[in-house]
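> So here's my_file19.txt, just compact mmCIF, C-alpha atoms:
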```txt
# COMPACT_ATOMS: atom_id res chain seq x y z
CA MET C 279 5.47 -33.75 -25.63
CA LYS C 280 8.78 -35.04 -26.89
CA MET C 281 11.98 -34.50 -24.90
CA PRO C 282 14.77 -32.80 -26.92
CA MET C 283 17.41 -35.28 -28.05
CA LYS C 284 20.20 -33.47 -26.15
CA LYS C 285 18.32 -33.59 -22.84
CA LEU C 286 17.34 -37.20 -23.45
CA PHE C 287 20.98 -38.11 -23.96
CA LEU C 288 21.96 -36.36 -20.70
CA VAL C 289 19.23 -38.17 -18.76
CA ILE C 290 20.29 -41.52 -20.18
CA ALA C 291 23.94 -40.79 -19.40
CA LEU C 292 23.09 -39.72 -15.84
CA ALA C 293 20.97 -42.81 -15.33
CA GLY C 294 23.88 -44.90 -16.61
CA LEU C 295 26.26 -43.29 -14.14
CA LEU C 296 23.87 -43.83 -11.25
CA SER C 297 23.34 -47.42 -12.31
CA GLU C 298 27.11 -47.98 -12.53
CA SER C 299 27.62 -46.37 -9.11
CA ARG C 300 24.98 -48.59 -7.53
CA ALA C 301 26.48 -51.62 -9.21
CA GLN C 302 29.90 -50.79 -7.81
CA GLU C 303 28.39 -50.41 -4.33
CA GLU C 304 26.64 -53.75 -4.67
CA PHE C 305 29.88 -55.50 -5.53
CA ILE C 306 31.85 -54.28 -2.51
CA GLU C 307 33.21 -57.37 -0.81
CA PRO C 308 31.37 -57.97 2.48
CA ALA C 309 33.51 -57.88 5.60
CA ARG C 310 34.25 -61.34 6.94
CA LEU C 311 34.80 -62.39 10.55
CA VAL C 312 38.36 -63.62 10.98
CA THR C 313 38.60 -64.27 14.73
CA ARG C 314 36.91 -63.66 18.04
CA PHE C 315 38.64 -63.85 21.42
CA ASN C 316 38.40 -62.66 25.02
CA PHE C 317 40.23 -59.72 26.53
CA VAL C 318 40.81 -58.58 30.10
CA GLN C 319 39.64 -55.18 31.24
CA LEU C 320 42.14 -53.37 33.44
CA THR C 321 41.59 -50.33 35.65
CA GLY C 322 39.81 -47.56 33.78
CA GLY C 323 38.58 -49.79 30.95
CA VAL C 324 42.02 -50.38 29.43
CA ILE C 325 42.04 -53.51 27.24
CA LEU C 326 44.66 -56.20 27.78
CA MET C 327 44.93 -58.79 25.01
CA GLN C 328 47.33 -61.65 24.43
CA GLY C 329 49.50 -62.63 21.51
CA ARG C 330 52.83 -64.12 20.47
CA LEU C 331 55.82 -62.70 18.66
CA ASP C 332 57.08 -65.03 15.96
CA PRO C 333 58.98 -67.36 16.41
CA PHE C 334 58.73 -67.42 20.21
CA PRO C 335 56.15 -69.62 22.00
CA ASP C 336 55.71 -67.30 25.00
CA THR C 337 52.31 -65.64 25.47
CA LEU C 338 52.66 -61.87 25.78
CA ASN C 339 50.37 -59.15 27.15
CA PHE C 340 49.54 -56.20 24.91
CA ILE C 341 47.49 -53.09 25.61
CA PHE C 342 45.07 -52.25 22.79
CA ASP C 343 45.53 -48.54 22.14
CA THR C 344 43.93 -46.24 19.56
CA GLY C 345 46.24 -43.56 20.95
CA SER C 346 49.31 -45.35 19.56
CA GLY C 347 50.47 -44.59 16.03
CA GLY C 348 52.25 -47.92 15.56
CA ILE C 349 53.01 -51.09 17.50
CA SER C 350 55.62 -51.56 20.21
CA LEU C 351 57.43 -54.05 22.39
CA ASP C 352 58.70 -53.59 25.92
CA SER C 353 62.49 -53.25 26.14
CA SER C 354 62.77 -55.94 28.84
CA THR C 355 60.77 -58.35 26.66
CA ALA C 356 63.12 -57.70 23.74
CA ILE C 357 66.09 -58.43 26.00
CA TYR C 358 64.42 -61.61 27.29
CA PHE C 359 64.10 -62.88 23.70
CA GLY C 360 67.67 -61.82 22.86
CA LEU C 361 66.48 -59.45 20.14
CA GLN C 362 68.69 -56.67 18.80
CA PRO C 363 66.64 -53.62 17.77
CA GLN C 364 68.04 -51.35 15.07
CA PRO C 365 68.61 -47.71 16.06
CA SER C 366 66.69 -45.02 14.20
CA ASN C 367 66.41 -41.25 14.14
CA ARG C 368 62.65 -41.44 14.76
CA THR C 369 61.11 -40.17 17.97
CA ILE C 370 57.89 -40.88 19.84
CA ARG C 371 56.07 -38.29 21.88
CA GLY C 372 54.05 -38.79 25.05
CA ILE C 373 52.75 -36.75 27.96
CA GLY C 374 55.91 -37.60 29.89
CA GLY C 375 58.55 -36.91 27.27
CA ILE C 376 60.05 -37.38 23.83
CA ARG C 377 62.52 -40.12 23.05
CA ASN C 378 64.36 -41.76 20.19
CA VAL C 379 63.32 -45.32 19.47
CA SER C 380 64.87 -48.42 17.99
CA PHE C 381 62.94 -50.87 15.81
CA LEU C 382 62.44 -54.56 15.19
CA TYR C 383 61.55 -54.63 11.50
CA ASN C 384 59.31 -57.01 9.56
CA ARG C 385 58.10 -59.08 12.50
CA THR C 386 55.01 -61.28 12.80
CA LEU C 387 52.40 -61.10 15.55
CA HIS C 388 50.14 -64.06 16.35
CA LEU C 389 46.80 -63.23 17.92
CA PRO C 390 44.24 -65.96 18.72
CA GLY C 391 43.07 -67.13 15.30
CA LEU C 392 44.96 -64.41 13.40
CA THR C 393 48.49 -63.85 12.10
CA VAL C 394 49.59 -60.30 11.31
CA ASP C 395 52.87 -59.99 9.40
CA SER C 396 55.20 -57.22 8.19
CA LEU C 397 55.06 -55.25 11.45
CA ASN C 398 57.74 -52.83 12.62
CA PHE C 399 57.84 -52.83 16.42
CA HIS C 400 59.41 -49.85 18.12
CA ILE C 401 61.01 -50.55 21.48
CA ASN C 402 59.95 -48.75 24.63
CA ASN C 403 60.23 -49.24 28.39
CA TYR C 404 56.85 -50.19 29.86
CA GLN C 405 58.05 -50.91 33.40
CA ILE C 406 55.84 -48.12 34.75
CA LEU C 407 52.74 -49.63 33.09
CA THR C 408 53.58 -53.05 34.52
CA SER C 409 53.79 -51.57 38.00
CA VAL C 410 50.55 -49.58 37.57
CA TYR C 411 48.43 -52.54 36.45
CA GLY C 412 50.18 -55.33 38.32
CA GLU C 413 50.42 -57.27 35.06
CA GLN C 414 53.43 -57.68 32.81
CA ILE C 415 52.92 -55.30 29.88
CA ASP C 416 54.92 -56.61 26.91
CA GLY C 417 53.79 -54.11 24.32
CA ILE C 418 51.12 -51.88 22.84
CA ILE C 419 49.03 -52.61 19.75
CA GLY C 420 48.06 -49.48 17.85
CA TYR C 421 47.49 -48.13 14.35
CA SER C 422 49.79 -50.61 12.58
CA VAL C 423 47.34 -53.42 13.38
CA ILE C 424 44.06 -51.52 13.86
CA SER C 425 44.25 -49.97 10.37
CA ARG C 426 44.33 -53.38 8.67
CA TYR C 427 40.98 -54.64 9.96
CA ILE C 428 37.52 -53.75 11.14
CA ILE C 429 37.63 -54.35 14.88
CA LYS C 430 34.65 -54.77 17.20
CA VAL C 431 35.11 -54.29 20.95
CA ASP C 432 32.30 -55.65 23.13
CA TYR C 433 32.74 -54.54 26.73
CA ASP C 434 29.60 -56.44 27.80
CA SER C 435 31.09 -59.82 26.92
CA SER C 436 34.79 -58.81 27.10
CA LYS C 437 35.23 -60.10 23.56
CA MET C 438 36.99 -58.62 20.57
CA GLU C 439 36.38 -59.45 16.92
CA PHE C 440 38.66 -58.87 13.92
CA TRP C 441 36.94 -58.60 10.52
CA THR C 442 38.38 -58.16 7.06
CA LYS C 443 37.87 -54.79 5.43
CA GLY C 444 34.67 -54.47 3.41
CA ALA C 445 30.98 -53.68 3.61
CA ILE C 446 29.61 -53.98 7.12
CA ARG C 447 26.32 -53.14 8.80
CA TYR C 448 26.54 -51.40 12.16
CA PRO C 449 24.11 -52.24 14.98
CA SER C 450 21.03 -50.06 15.25
CA GLY C 451 20.63 -47.60 18.07
CA GLY C 452 24.16 -46.23 17.93
CA PHE C 453 26.11 -43.24 16.71
CA LEU C 454 28.52 -43.22 13.78
CA MET C 455 31.51 -41.00 14.40
CA ARG C 456 33.48 -39.84 11.38
CA PRO C 457 36.85 -38.96 12.87
CA SER C 458 39.90 -37.69 11.11
CA ILE C 459 42.61 -40.38 11.34
CA ASN C 460 46.19 -39.32 10.71
CA PRO C 461 47.11 -41.84 12.08
CA LEU C 462 45.32 -41.27 15.41
CA PRO C 463 41.53 -40.83 15.53
CA VAL C 464 40.35 -37.30 16.37
CA HIS C 465 36.72 -36.30 16.84
CA ALA C 466 34.73 -33.34 18.10
CA ALA C 467 33.04 -33.28 21.51
CA ARG C 468 31.52 -30.66 23.79
CA VAL C 469 32.58 -29.80 27.32
CA ARG C 470 30.23 -27.71 29.46
CA ASP C 471 31.00 -26.22 32.84
CA GLU C 472 31.35 -22.44 33.18
CA ARG C 473 30.98 -22.30 29.41
CA ASN C 474 29.92 -24.66 26.65
CA ILE C 475 32.93 -25.34 24.41
CA ALA C 476 33.25 -27.60 21.36
CA THR C 477 36.67 -28.74 20.22
CA ARG C 478 38.51 -31.81 18.94
CA PHE C 479 39.79 -34.65 21.11
CA LEU C 480 41.97 -37.69 20.59
CA VAL C 481 39.89 -40.88 20.91
CA ASP C 482 42.25 -42.88 23.13
CA LEU C 483 41.30 -46.40 24.21
CA GLY C 484 44.70 -46.81 25.85
CA ALA C 485 44.16 -44.05 28.44
CA GLY C 486 42.47 -45.34 31.60
CA LEU C 487 40.52 -42.17 32.40
CA ASN C 488 37.40 -40.33 31.24
CA MET C 489 38.84 -37.19 29.74
CA MET C 490 42.07 -35.23 29.92
CA LEU C 491 42.17 -31.52 29.11
CA SER C 492 45.30 -29.52 28.42
CA THR C 493 46.04 -26.58 30.70
CA GLU C 494 46.22 -24.34 27.62
CA PHE C 495 42.71 -25.32 26.52
CA VAL C 496 41.28 -24.78 30.01
CA ARG C 497 43.01 -21.41 30.36
CA ASP C 498 42.12 -20.01 26.93
CA SER C 499 38.53 -21.28 26.87
CA ASN C 500 37.65 -20.43 30.49
CA VAL C 501 35.61 -23.63 30.38
CA LEU C 502 35.94 -24.43 34.10
CA ARG C 503 33.49 -23.00 36.58
CA LYS C 504 35.04 -20.42 38.86
CA GLY C 505 35.90 -21.96 42.19
CA ARG C 506 36.34 -25.50 40.89
CA LYS C 507 38.73 -27.21 43.27
CA LEU C 508 41.72 -28.93 41.68
CA TYR C 509 43.12 -32.02 43.38
CA ALA C 510 46.78 -32.87 42.92
CA LYS C 511 47.22 -36.22 41.19
CA GLU C 512 49.99 -38.22 39.59
CA ALA C 513 49.37 -40.01 36.30
CA GLU C 514 51.45 -42.33 34.17
CA GLY C 515 52.03 -42.10 30.45
CA LEU C 516 54.61 -42.52 27.74
CA GLY C 517 57.82 -41.08 29.15
CA GLY C 518 57.01 -41.65 32.84
CA LYS C 519 54.99 -40.05 35.61
CA VAL C 520 53.34 -36.68 35.21
CA ASP C 521 51.85 -34.31 37.80
CA MET C 522 48.24 -33.45 37.01
CA HIS C 523 45.10 -32.14 38.64
CA LEU C 524 41.77 -33.87 39.02
CA THR C 525 38.43 -32.06 39.00
CA VAL C 526 34.85 -32.37 37.72
CA VAL C 527 33.08 -30.77 34.77
CA LYS C 528 29.31 -30.43 34.53
CA GLU C 529 28.77 -32.17 31.20
CA ILE C 530 30.47 -33.89 28.30
CA ARG C 531 28.64 -34.58 25.05
CA ILE C 532 29.81 -37.04 22.40
CA GLY C 533 27.43 -37.00 19.46
CA PRO C 534 23.96 -37.50 20.97
CA TYR C 535 25.26 -38.88 24.27
CA LYS C 536 25.56 -36.74 27.39
CA PHE C 537 27.40 -37.50 30.61
CA ARG C 538 27.04 -35.31 33.69
CA ASN C 539 29.53 -34.53 36.47
CA ILE C 540 32.50 -36.24 34.89
CA PRO C 541 35.92 -36.53 36.58
CA VAL C 542 38.58 -35.06 34.30
CA TYR C 543 42.33 -34.63 34.46
CA ILE C 544 44.05 -31.38 33.60
CA PHE C 545 47.67 -31.57 32.47
CA ASP C 546 50.37 -29.19 31.37
CA ASP C 547 51.11 -30.34 27.82
CA VAL C 548 54.85 -29.64 27.97
CA TYR C 549 55.63 -31.93 25.03
CA ASN C 550 52.75 -30.67 22.88
CA VAL C 551 51.06 -34.05 22.55
CA THR C 552 47.74 -32.39 21.73
CA SER C 553 49.27 -29.82 19.37
CA TYR C 554 47.02 -27.20 20.96
CA PRO C 555 44.86 -25.59 19.63
CA HIS C 556 44.48 -28.52 17.21
CA LEU C 557 43.19 -30.60 20.13
CA GLY C 558 41.84 -29.74 23.54
CA GLY C 559 42.85 -33.08 25.07
CA LEU C 560 41.71 -36.68 24.87
CA ILE C 561 38.73 -38.92 25.58
CA GLY C 562 39.82 -42.06 27.41
CA SER C 563 38.70 -45.63 27.92
CA ASP C 564 36.87 -45.06 31.23
CA LEU C 565 34.28 -43.11 29.24
CA LEU C 566 34.48 -45.15 26.03
CA ARG C 567 34.03 -48.49 27.85
CA ARG C 568 30.37 -47.45 28.25
CA PHE C 569 29.89 -48.25 24.56
CA ASN C 570 30.45 -51.29 22.41
CA ILE C 571 32.72 -49.97 19.70
CA THR C 572 33.44 -50.77 16.05
CA LEU C 573 36.65 -49.35 14.58
CA ASN C 574 36.65 -49.04 10.79
CA TYR C 575 39.70 -46.98 9.93
CA GLU C 576 39.49 -47.65 6.19
CA LYS C 577 36.16 -45.82 6.05
CA ARG C 578 37.21 -43.34 8.77
CA GLN C 579 34.37 -44.50 10.97
CA ILE C 580 33.99 -45.37 14.65
CA HIS C 581 30.59 -46.68 15.70
CA LEU C 582 29.44 -46.29 19.32
CA ARG C 583 26.50 -48.18 20.80
CA PRO C 584 25.62 -47.79 24.51
CA ASN C 585 26.16 -51.00 26.45
CA GLY C 586 25.38 -52.34 29.91
CA HIS C 587 28.00 -50.05 31.48
CA PHE C 588 26.54 -46.86 30.03
CA HIS C 589 25.00 -45.78 33.34
CA ASP C 590 27.86 -46.95 35.58
CA PRO C 591 28.62 -44.35 38.26
CA PHE C 592 31.78 -42.31 37.91
CA ASP C 593 34.59 -42.57 40.43
CA TYR C 594 34.76 -39.37 42.51
CA SER C 595 37.07 -40.73 45.20
CA TYR C 596 40.26 -38.97 46.18
CA SER C 597 42.81 -40.39 48.60
CA GLY C 598 45.94 -38.78 47.20
CA ILE C 599 47.92 -42.01 46.85
CA GLU C 600 49.02 -44.12 43.89
CA LEU C 601 49.64 -47.86 44.21
CA TYR C 602 52.39 -49.67 42.28
CA TYR C 603 53.28 -53.35 42.06
CA ILE C 604 57.07 -53.61 42.00
CA ASN C 605 59.17 -56.76 42.44
CA GLY C 606 56.31 -58.68 43.99
CA ILE C 607 55.23 -56.06 46.52
CA ILE C 608 52.73 -53.20 46.51
CA ILE C 609 54.12 -49.82 47.43
CA LEU C 610 52.85 -46.28 47.63
CA GLY C 611 53.99 -44.10 44.79
CA ASP C 612 53.23 -40.42 44.91
CA VAL C 613 51.44 -39.15 48.05
CA ALA C 614 49.91 -35.82 47.05
CA ALA C 615 50.59 -32.84 49.28
CA GLY C 616 47.52 -31.86 51.28
CA SER C 617 45.68 -35.09 50.44
CA PRO C 618 43.88 -37.25 53.02
CA ALA C 619 46.67 -39.85 52.84
CA GLU C 620 49.40 -37.24 53.34
CA LYS C 621 47.58 -35.70 56.29
CA ALA C 622 47.27 -39.17 57.84
CA GLY C 623 51.07 -39.58 57.67
CA LEU C 624 51.53 -41.98 54.76
CA LYS C 625 54.69 -41.54 52.70
CA GLU C 626 55.94 -42.45 49.25
CA GLY C 627 57.71 -45.80 49.35
CA ASP C 628 55.60 -47.30 52.15
CA GLN C 629 54.95 -51.00 51.49
CA VAL C 630 51.24 -51.84 51.63
CA ILE C 631 50.55 -54.92 53.75
CA ALA C 632 46.76 -54.66 53.97
CA ILE C 633 43.84 -52.32 53.37
CA ASN C 634 40.79 -52.74 55.60
CA ASN C 635 42.11 -56.11 56.84
CA ASP C 636 42.42 -57.38 53.27
CA PHE C 637 45.82 -59.09 53.14
CA SER C 638 45.29 -60.53 49.65
CA GLN C 639 48.04 -58.39 48.06
CA SER C 640 45.75 -57.95 45.06
CA LEU C 641 46.56 -54.64 43.39
CA GLN C 642 43.18 -54.57 41.63
CA HIS C 643 41.27 -55.22 44.89
CA TYR C 644 43.17 -52.49 46.69
CA LYS C 645 42.56 -49.98 43.92
CA LEU C 646 38.84 -50.75 44.00
CA THR C 647 38.81 -50.28 47.78
CA LEU C 648 40.33 -46.83 47.35
CA GLN C 649 37.42 -45.94 45.04
CA SER C 650 35.06 -45.46 47.98
CA ALA C 651 34.39 -41.76 48.51
CA GLY C 652 33.19 -41.08 52.05
CA ASP C 653 34.56 -44.32 53.53
CA ARG C 654 37.18 -44.51 56.23
CA LEU C 655 40.15 -46.72 55.35
CA LYS C 656 42.73 -48.51 57.45
CA LEU C 657 46.11 -49.09 55.82
CA ILE C 658 48.78 -51.30 57.35
CA VAL C 659 52.17 -50.53 55.84
CA MET C 660 55.79 -51.51 56.35
CA ARG C 661 58.21 -48.61 56.76
CA ASN C 662 61.88 -49.16 57.56
CA GLY C 663 61.09 -52.68 58.73
CA GLN C 664 58.33 -51.55 61.08
CA LEU C 665 54.60 -52.23 60.73
CA MET C 666 52.50 -49.09 60.99
CA GLN C 667 48.76 -48.38 60.78
CA PHE C 668 47.17 -45.27 59.28
CA ASN C 669 43.53 -44.27 59.07
CA PHE C 670 41.96 -41.67 56.83
CA LYS C 671 38.72 -40.82 55.06
CA VAL C 672 38.48 -40.92 51.27
CA VAL C 673 37.00 -37.62 50.12
CA SER C 674 34.77 -36.89 47.12
CA ILE C 675 35.84 -34.48 44.40
CA ILE C 676 32.23 -33.60 43.63
CA ARG C 677 30.26 -31.14 45.67
CA ARG C 678 26.57 -31.99 45.68
```
The structure given in the file should be rewritten as structure tokens.


Amino acid sequence: MKMPMKKLFLVIALAGLLSESRAQEEFIEPARLVTRFNFVQLTGGVILMQGRLDPFPDTLNFIFDTGSGGISLDSSTAIYFGLQPQPSNRTIRGIGGIRNVSFLYNRTLHLPGLTVDSLNFHINNYQILTSVYGEQIDGIIGYSVISRYIIKVDYDSSKMEFWTKGAIRYPSGGFLMRPSINPLPVHAARVRDERNIATRFLVDLGAGLNMMLSTEFVRDSNVLRKGRKLYAKEAEGLGGKVDMHLTVVKEIRIGPYKFRNIPVYIFDDVYNVTSYPHLGGLIGSDLLRRFNITLNYEKRQIHLRPNGHFHDPFDYSYSGIELYYINGIIILGDVAAGSPAEKAGLKEGDQVIAINNDFSQSLQHYKLTLQSAGDRLKLIVMRNGQLMQFNFKVVSIIRR
């Protein structure tokens, strides 16, 4: 049976189109590895990487942050280099406030094995981040750099790779997220406690926590189980310190991956960072560090593959104190009302001399010691020139 000429022509044309499409796919330039280097993992899985600002030889510390829509430099670092930022009418928004920013235009950043040019750094004060992590924070690397490359983050080896844009094969056994990116990555996830709710969340590798939910989302969705206890907590973000509450939700699901009994923060989104109801909150690095991650913004893809930290226990400890490293000493920041530390008599501004006879003055060691739900702690502090000792038990925010 002969095929009519018209249909034959259509079949040939369609075959030609498919052949051309496949040919175009075959000729996509493969992604190429540009550089690989180590990073340091700070509290909560936050990534600290090093680089230089042209033409200065000094090595600077940058936080790698998918929750940043640009790239920035600390104001004290700009002063140190004698740089004069140009004022602008642009503002940046964070959980702690909104502020106008100045810019250093058309600058060059040198990472190990990679030079990134034509960058516009906005200037911000990161003194609070320096005191939180006990490391000088000179800036934040966000969308302005991330969008130019395919970036692989391996938490198992603490290595980061930068690849050119192009065709790339993701590791097997993972999940390919397809977030909206404008310019921050947003993806759907499910939260289950009293109810099972699906909504969108900012994917934020610069936030050292598991998940943060806005008060508006929690109130309107009734997602929290009745009777969930909320623990007063202070957190730090763009704009300064913010009062929050800490609690636990029964389950969080990202794609095929489920996590149970997850500590989450609840915050009053005064400055509309989440643009509720557009977003319910954010997913932070303490959850995301459980995956090795590939960021491919050009294709609007983020690939997650469970790593050796996937089954790490969550931190349920609650002492009610925050530690800050300021001018070479460790002090107590906020002491939450009604917390174990407050009941023991500790006060904001006390200088920490030792915890459990550890006089190392290591901020990271002390923070790890505080993550010991059920343990009794002994703090030696200096107050008004007098050494004082306080004892209290770290409580757990989860009821088993």

> With all atoms listed in the file as the atoms that count, which of C:Gly562, C:Asn574, C:Val673, C:Asp352 lies nearest to Ser617 in chain C?

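Closest residue, counting all atoms listed in the file: C:Val673.
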
> Need the shell around Ser435 in chain C: protein/DNA/RNA residues with any atom at most 10 Å away, counting all atoms listed in the file. Skip same-chain ones fewer than 5 positions apart. Format as a JSON list (two decimals) with C-alpha atoms, in the coordinates of the input?


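Final output, saved to around_25.json:
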```json
[["chain", "number", "residue", "atom", "x", "y", "z"],
["C", 316, "ASN", "CA", 38.40, -62.66, 25.02],
["C", 317, "PHE", "CA", 40.23, -59.72, 26.53],
["C", 570, "ASN", "CA", 30.45, -51.29, 22.41],
["C", 586, "GLY", "CA", 25.38, -52.34, 29.91]]
```

> Within 12 Å of Phe637 in chain C, counting all atoms listed in the file, which residues qualify if same-chain residues fewer than 5 places away don't, as a PyMOL selection string?

chain C and resi 607-608+630-632+643-644+656-659

> Would you pick out the contacts of Gly444 in chain C at 7 Å or less, using only C-alpha atoms, so that residues sharing its chain but fewer than 5 positions from it are not included, and give the list as a list in words?

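Counting only C-alpha atoms, the residues come to Ile306, Glu307, Pro308 and Ala309 of chain C.
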
> Report the distance between CA of Glu620 in chain C and CA of Asp546 in chain C in Å, rounded to one decimal place.

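These atoms are spaced 23.4 Å apart.
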
> Can you spit out range 557-627 of chain C with C-alpha atoms, as a PDB file, in the first residue's frame, from the structure just given?


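Written out: part.pdb:
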```pdb
ATOM      1  CA  LEU C 557       7.077  31.226  50.012  1.00  0.00           C
ATOM      2  CA  GLY C 558       6.531  29.501  53.325  1.00  0.00           C
ATOM      3  CA  GLY C 559      10.131  29.991  54.460  1.00  0.00           C
ATOM      4  CA  LEU C 560      13.526  28.562  53.605  1.00  0.00           C
ATOM      5  CA  ILE C 561      15.500  25.314  53.614  1.00  0.00           C
ATOM      6  CA  GLY C 562      18.954  25.855  55.086  1.00  0.00           C
ATOM      7  CA  SER C 563      22.414  24.354  54.934  1.00  0.00           C
ATOM      8  CA  ASP C 564      22.094  22.149  58.033  1.00  0.00           C
ATOM      9  CA  LEU C 565      19.619  20.044  56.048  1.00  0.00           C
ATOM     10  CA  LEU C 566      21.233  20.496  52.628  1.00  0.00           C
ATOM     11  CA  ARG C 567      24.708  19.493  53.871  1.00  0.00           C
ATOM     12  CA  ARG C 568      23.336  15.926  53.970  1.00  0.00           C
ATOM     13  CA  PHE C 569      23.585  15.888  50.174  1.00  0.00           C
ATOM     14  CA  ASN C 570      26.363  16.452  47.686  1.00  0.00           C
ATOM     15  CA  ILE C 571      24.952  19.190  45.493  1.00  0.00           C
ATOM     16  CA  THR C 572      25.332  20.324  41.887  1.00  0.00           C
ATOM     17  CA  LEU C 573      24.092  23.821  41.047  1.00  0.00           C
ATOM     18  CA  ASN C 574      23.294  24.364  37.368  1.00  0.00           C
ATOM     19  CA  TYR C 575      21.477  27.682  37.195  1.00  0.00           C
ATOM     20  CA  GLU C 576      21.628  27.930  33.396  1.00  0.00           C
ATOM     21  CA  LYS C 577      19.434  24.826  33.123  1.00  0.00           C
ATOM     22  CA  ARG C 578      17.466  25.718  36.280  1.00  0.00           C
ATOM     23  CA  GLN C 579      18.586  22.508  37.926  1.00  0.00           C
ATOM     24  CA  ILE C 580      19.887  21.546  41.366  1.00  0.00           C
ATOM     25  CA  HIS C 581      20.946  17.928  41.789  1.00  0.00           C
ATOM     26  CA  LEU C 582      20.912  16.341  45.251  1.00  0.00           C
ATOM     27  CA  ARG C 583      22.648  13.068  46.077  1.00  0.00           C
ATOM     28  CA  PRO C 584      22.658  11.726  49.660  1.00  0.00           C
ATOM     29  CA  ASN C 585      26.135  11.696  51.171  1.00  0.00           C
ATOM     30  CA  GLY C 586      27.829  10.336  54.275  1.00  0.00           C
ATOM     31  CA  HIS C 587      26.062  12.915  56.466  1.00  0.00           C
ATOM     32  CA  PHE C 588      22.574  11.955  55.325  1.00  0.00           C
ATOM     33  CA  HIS C 589      21.774  10.091  58.543  1.00  0.00           C
ATOM     34  CA  ASP C 590      23.540  12.492  60.927  1.00  0.00           C
ATOM     35  CA  PRO C 591      21.417  13.111  64.027  1.00  0.00           C
ATOM     36  CA  PHE C 592      19.703  16.468  64.370  1.00  0.00           C
ATOM     37  CA  ASP C 593      20.599  18.871  67.152  1.00  0.00           C
ATOM     38  CA  TYR C 594      17.741  19.040  69.678  1.00  0.00           C
ATOM     39  CA  SER C 595      19.687  20.830  72.408  1.00  0.00           C
ATOM     40  CA  TYR C 596      18.436  24.003  74.017  1.00  0.00           C
ATOM     41  CA  SER C 597      20.438  26.057  76.501  1.00  0.00           C
ATOM     42  CA  GLY C 598      19.004  29.486  75.738  1.00  0.00           C
ATOM     43  CA  ILE C 599      22.359  31.191  75.169  1.00  0.00           C
ATOM     44  CA  GLU C 600      24.166  32.485  72.096  1.00  0.00           C
ATOM     45  CA  LEU C 601      27.960  32.717  71.939  1.00  0.00           C
ATOM     46  CA  TYR C 602      29.792  35.518  70.126  1.00  0.00           C
ATOM     47  CA  TYR C 603      33.485  36.097  69.480  1.00  0.00           C
ATOM     48  CA  ILE C 604      34.147  39.819  69.852  1.00  0.00           C
ATOM     49  CA  ASN C 605      37.537  41.539  70.079  1.00  0.00           C
ATOM     50  CA  GLY C 606      39.327  38.332  70.974  1.00  0.00           C
ATOM     51  CA  ILE C 607      36.955  37.162  73.711  1.00  0.00           C
ATOM     52  CA  ILE C 608      33.866  34.951  73.805  1.00  0.00           C
ATOM     53  CA  ILE C 609      30.805  36.513  75.369  1.00  0.00           C
ATOM     54  CA  LEU C 610      27.205  35.550  75.925  1.00  0.00           C
ATOM     55  CA  GLY C 611      24.815  37.262  73.591  1.00  0.00           C
ATOM     56  CA  ASP C 612      21.120  36.833  74.148  1.00  0.00           C
ATOM     57  CA  VAL C 613      20.085  34.764  77.195  1.00  0.00           C
ATOM     58  CA  ALA C 614      16.508  33.694  76.514  1.00  0.00           C
ATOM     59  CA  ALA C 615      13.938  34.330  79.216  1.00  0.00           C
ATOM     60  CA  GLY C 616      12.896  31.120  80.949  1.00  0.00           C
ATOM     61  CA  SER C 617      15.769  29.123  79.427  1.00  0.00           C
ATOM     62  CA  PRO C 618      18.043  26.791  81.428  1.00  0.00           C
ATOM     63  CA  ALA C 619      20.881  29.331  81.214  1.00  0.00           C
ATOM     64  CA  GLU C 620      18.680  32.198  82.416  1.00  0.00           C
ATOM     65  CA  LYS C 621      17.346  30.139  85.313  1.00  0.00           C
ATOM     66  CA  ALA C 622      20.937  29.306  86.298  1.00  0.00           C
ATOM     67  CA  GLY C 623      21.740  33.033  86.533  1.00  0.00           C
ATOM     68  CA  LEU C 624      23.767  33.669  83.386  1.00  0.00           C
ATOM     69  CA  LYS C 625      23.413  37.109  81.811  1.00  0.00           C
ATOM     70  CA  GLU C 626      23.985  38.730  78.451  1.00  0.00           C
ATOM     71  CA  GLY C 627      27.501  40.157  78.281  1.00  0.00           C
TER      72      GLY C 627
END
```
